[in-house]
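Enquirer: Dropping the structure in here first, questions after.
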Amino acid sequence: MEVIGAGLPRTGTLSLKAALERLGFGPCYHMFELYDHLELIDRWLPGVPDTREGWERLFAGYRSCADWPAGFFWRPLAEAFPEARVILTVRDPRSWYDSFRSMIRLRVASMAQEAPSPEELEFRTRFARIQPLLRRIAEETFGAGGFPYRMPAPQPAVRAFERHITTVEESLPPDRLLVFDVREGWEPLCAFLGVAVPEGEPFPRLNDLDAVRERFAALKTSL
């Protein structure tokens, strides 16, 4: 593991994934890896690793990570891989909350759809195995029960968001941490990672809300 993404979901993690892969730090482990490769769920079971060897087995084949569930474990990952650099993606807290809430609503609506296709039903059954871990992650982050069916109110959610940023910033030395808004583009990211800026290429601007819609729509026809 060479690069650890410590930002919360909906802070540009999908754009970061694409950027890291373009810069040679891929594959990058993102929540979408679980959607596209359901067999990876088994690596999280029966429990989260507590050794470097365990993390290496879980992330075998990946050189970087971003988004939940991996990003929630930024601290043990930073301890297990002291040579890895950490990127904390950030954005305006209120716009983050609105975006995160939209993402959760989309996922809940998709999973609650009546008369699912056989492919959708199989996906739900297999993905349900990691839901206890995702609930634990959300509840430890926001301190709210019932997730994902009940989102915390804006004020406590934004406090949790800001608390997370402060905790990461105070836990790592400046030379190991990049606080990064994806709107800044290639330059700060490439400088931090010590690689050249891709000449003539725009920075990836990917919306994972649209990507989730596409993935769930694809389940109507195939898994």
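Simple scheme: letters A, B, ... for chains in structure tokens order, numbers from 1 for residues in each chain, numbers from 1 for ligands in the order shown.
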How close does range 88-197 of chain A get to range 7-21 of chain A? List, as CSV, each residue of range 88-197 of chain A within 12 Å, its nearest atom pair and the distance in Å to one decimal, counting only C-alpha atoms.
Expert:
residue,atom,partner,partner_atom,distance
A:Leu88,CA,A:Gly7,CA,4.6
A:Thr89,CA,A:Gly7,CA,4.5
A:Val90,CA,A:Thr11,CA,5.4
A:Arg91,CA,A:Thr11,CA,5.8
A:Asp92,CA,A:Thr11,CA,8.9
A:Pro93,CA,A:Thr11,CA,9.4
A:Arg94,CA,A:Thr11,CA,11.5
A:Ser95,CA,A:Arg10,CA,9.5
A:Trp96,CA,A:Arg10,CA,6.3
A:Tyr97,CA,A:Arg10,CA,8.5
A:Asp98,CA,A:Arg10,CA,9.5
A:Ser99,CA,A:Arg10,CA,6.5
A:Phe100,CA,A:Arg10,CA,5.8
A:Arg101,CA,A:Arg10,CA,9.5
A:Ser102,CA,A:Arg10,CA,9.9
A:Met103,CA,A:Arg10,CA,8.2
A:Ile104,CA,A:Pro9,CA,10.5
A:Ile137,CA,A:Leu8,CA,10.8
A:Ala138,CA,A:Leu8,CA,10.2
A:Thr141,CA,A:Leu8,CA,9.4
A:Phe142,CA,A:Leu8,CA,11.3
A:Ala157,CA,A:Leu8,CA,11.6
A:Val158,CA,A:Leu8,CA,11.6
A:Ala160,CA,A:Leu8,CA,10.3
A:Phe161,CA,A:Leu8,CA,7.7
A:Glu162,CA,A:Leu8,CA,10.5
A:Arg163,CA,A:Leu8,CA,11.4
A:His164,CA,A:Leu8,CA,8.3
A:Ile165,CA,A:Gly7,CA,8.0
A:Thr166,CA,A:Gly7,CA,11.5
A:Thr167,CA,A:Gly7,CA,11.4
A:Val168,CA,A:Gly7,CA,9.1
A:Glu169,CA,A:Gly7,CA,11.2
A:Leu177,CA,A:Gly7,CA,11.5
A:Leu178,CA,A:Gly7,CA,10.6
A:Val179,CA,A:Gly7,CA,9.0
A:Phe180,CA,A:Gly7,CA,9.1
A:Asp181,CA,A:Gly12,CA,7.7
A:Val182,CA,A:Gly12,CA,6.1
A:Arg183,CA,A:Gly12,CA,8.9
A:Glu184,CA,A:Gly12,CA,11.3
A:Gly185,CA,A:Ala19,CA,9.4
A:Trp186,CA,A:Ala19,CA,8.1
A:Glu187,CA,A:Ala19,CA,11.5
A:Leu189,CA,A:Ala19,CA,8.9
A:Cys190,CA,A:Leu20,CA,9.4
A:Phe192,CA,A:Leu20,CA,11.8
A:Leu193,CA,A:Leu20,CA,9.6
A:Val195,CA,A:Leu20,CA,10.7
A:Val197,CA,A:Ala19,CA,10.6
Enquirer: Would you mind telling me which residue in A:Gly194, A:Pro76, A:Pro82, A:Pro173 lies nearest to Asp50 in chain A when using only C-alpha atoms?
Expert: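 Once distances to Asp50 in chain A are computed over only C-alpha atoms, the minimum belongs to A:Pro76.
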Enquirer: Gly143 in chain A: which residues within 12 Å, counting only C-alpha atoms, same-chain residues fewer than 3 positions away excluded, as a ChimeraX atom specification?
Expert: /A:135-140,146-147,150-153,156-157,159-161
Enquirer: Output C-alpha atoms of each residue in that selection to a file, as a PDB file, in the first residue's frame.
Expert:
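Written file, selection_18.pdb:
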ATOM      1  CA  ARG A 135     -22.971   0.304   9.539  1.00  0.00           C
ATOM      2  CA  ARG A 136     -20.201   0.171  12.119  1.00  0.00           C
ATOM      3  CA  ILE A 137     -18.102   2.588  10.057  1.00  0.00           C
ATOM      4  CA  ALA A 138     -20.969   5.045   9.652  1.00  0.00           C
ATOM      5  CA  GLU A 139     -22.030   4.878  13.287  1.00  0.00           C
ATOM      6  CA  GLU A 140     -18.486   5.368  14.573  1.00  0.00           C
ATOM      7  CA  GLY A 146     -30.085   3.196  12.083  1.00  0.00           C
ATOM      8  CA  PHE A 147     -27.632   3.994   9.302  1.00  0.00           C
ATOM      9  CA  ARG A 150     -31.568   7.329   8.992  1.00  0.00           C
ATOM     10  CA  MET A 151     -29.029  10.042   8.250  1.00  0.00           C
ATOM     11  CA  PRO A 152     -27.802  12.318  11.032  1.00  0.00           C
ATOM     12  CA  ALA A 153     -29.072  15.898  10.914  1.00  0.00           C
ATOM     13  CA  PRO A 156     -24.017  16.921  13.829  1.00  0.00           C
ATOM     14  CA  ALA A 157     -22.980  15.440  10.490  1.00  0.00           C
ATOM     15  CA  ARG A 159     -19.398  18.519  13.041  1.00  0.00           C
ATOM     16  CA  ALA A 160     -18.351  14.911  12.459  1.00  0.00           C
ATOM     17  CA  PHE A 161     -16.957  15.863   9.046  1.00  0.00           C
TER      18      PHE A 161
END
Enquirer: Please identify all polymer residues within 6 Å of range 26-34 of chain A, counting only C-alpha atoms, omitting same-chain residues fewer than 6 positions from it, and present them as JSON, numbers by chain.
Expert: {"A": [17, 62, 63, 64, 65, 66, 67, 68]}
Enquirer: Write to file, as a short mmCIF file (atom, residue, chain, number, x, y, z; two decimals), in the first residue's frame, the residues of the selection just made, with N, CA, C and O atoms.
Expert:
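Writing done, so here's out.cif:
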data_model
loop_
_atom_site.label_atom_id
_atom_site.label_comp_id
_atom_site.auth_asym_id
_atom_site.auth_seq_id
_atom_site.Cartn_x
_atom_site.Cartn_y
_atom_site.Cartn_z
N LYS A 17 -9.26 8.34 -7.12
CA LYS A 17 -8.96 6.98 -7.60
C LYS A 17 -8.45 7.03 -9.04
O LYS A 17 -7.40 6.44 -9.37
N TYR A 62 -3.59 -4.33 -4.98
CA TYR A 62 -3.87 -2.89 -4.98
C TYR A 62 -2.67 -2.12 -4.42
O TYR A 62 -2.03 -2.58 -3.48
N ARG A 63 -2.44 -0.94 -4.99
CA ARG A 63 -1.32 -0.11 -4.55
C ARG A 63 -1.78 1.13 -3.79
O ARG A 63 -0.96 1.83 -3.18
N SER A 64 -3.07 1.40 -3.82
CA SER A 64 -3.60 2.59 -3.14
C SER A 64 -5.05 2.33 -2.77
O SER A 64 -5.64 1.32 -3.19
N CYS A 65 -5.61 3.23 -1.98
CA CYS A 65 -7.01 3.07 -1.59
C CYS A 65 -7.63 4.44 -1.35
O CYS A 65 -6.94 5.42 -1.08
N ALA A 66 -8.95 4.50 -1.46
CA ALA A 66 -9.72 5.72 -1.20
C ALA A 66 -11.15 5.32 -0.93
O ALA A 66 -11.60 4.27 -1.39
N ASP A 67 -11.88 6.15 -0.22
CA ASP A 67 -13.29 5.93 0.06
C ASP A 67 -13.45 4.81 1.10
O ASP A 67 -12.52 4.08 1.43
N TRP A 68 -14.67 4.72 1.65
CA TRP A 68 -14.98 3.61 2.54
C TRP A 68 -15.09 2.31 1.76
O TRP A 68 -15.36 2.34 0.57
#
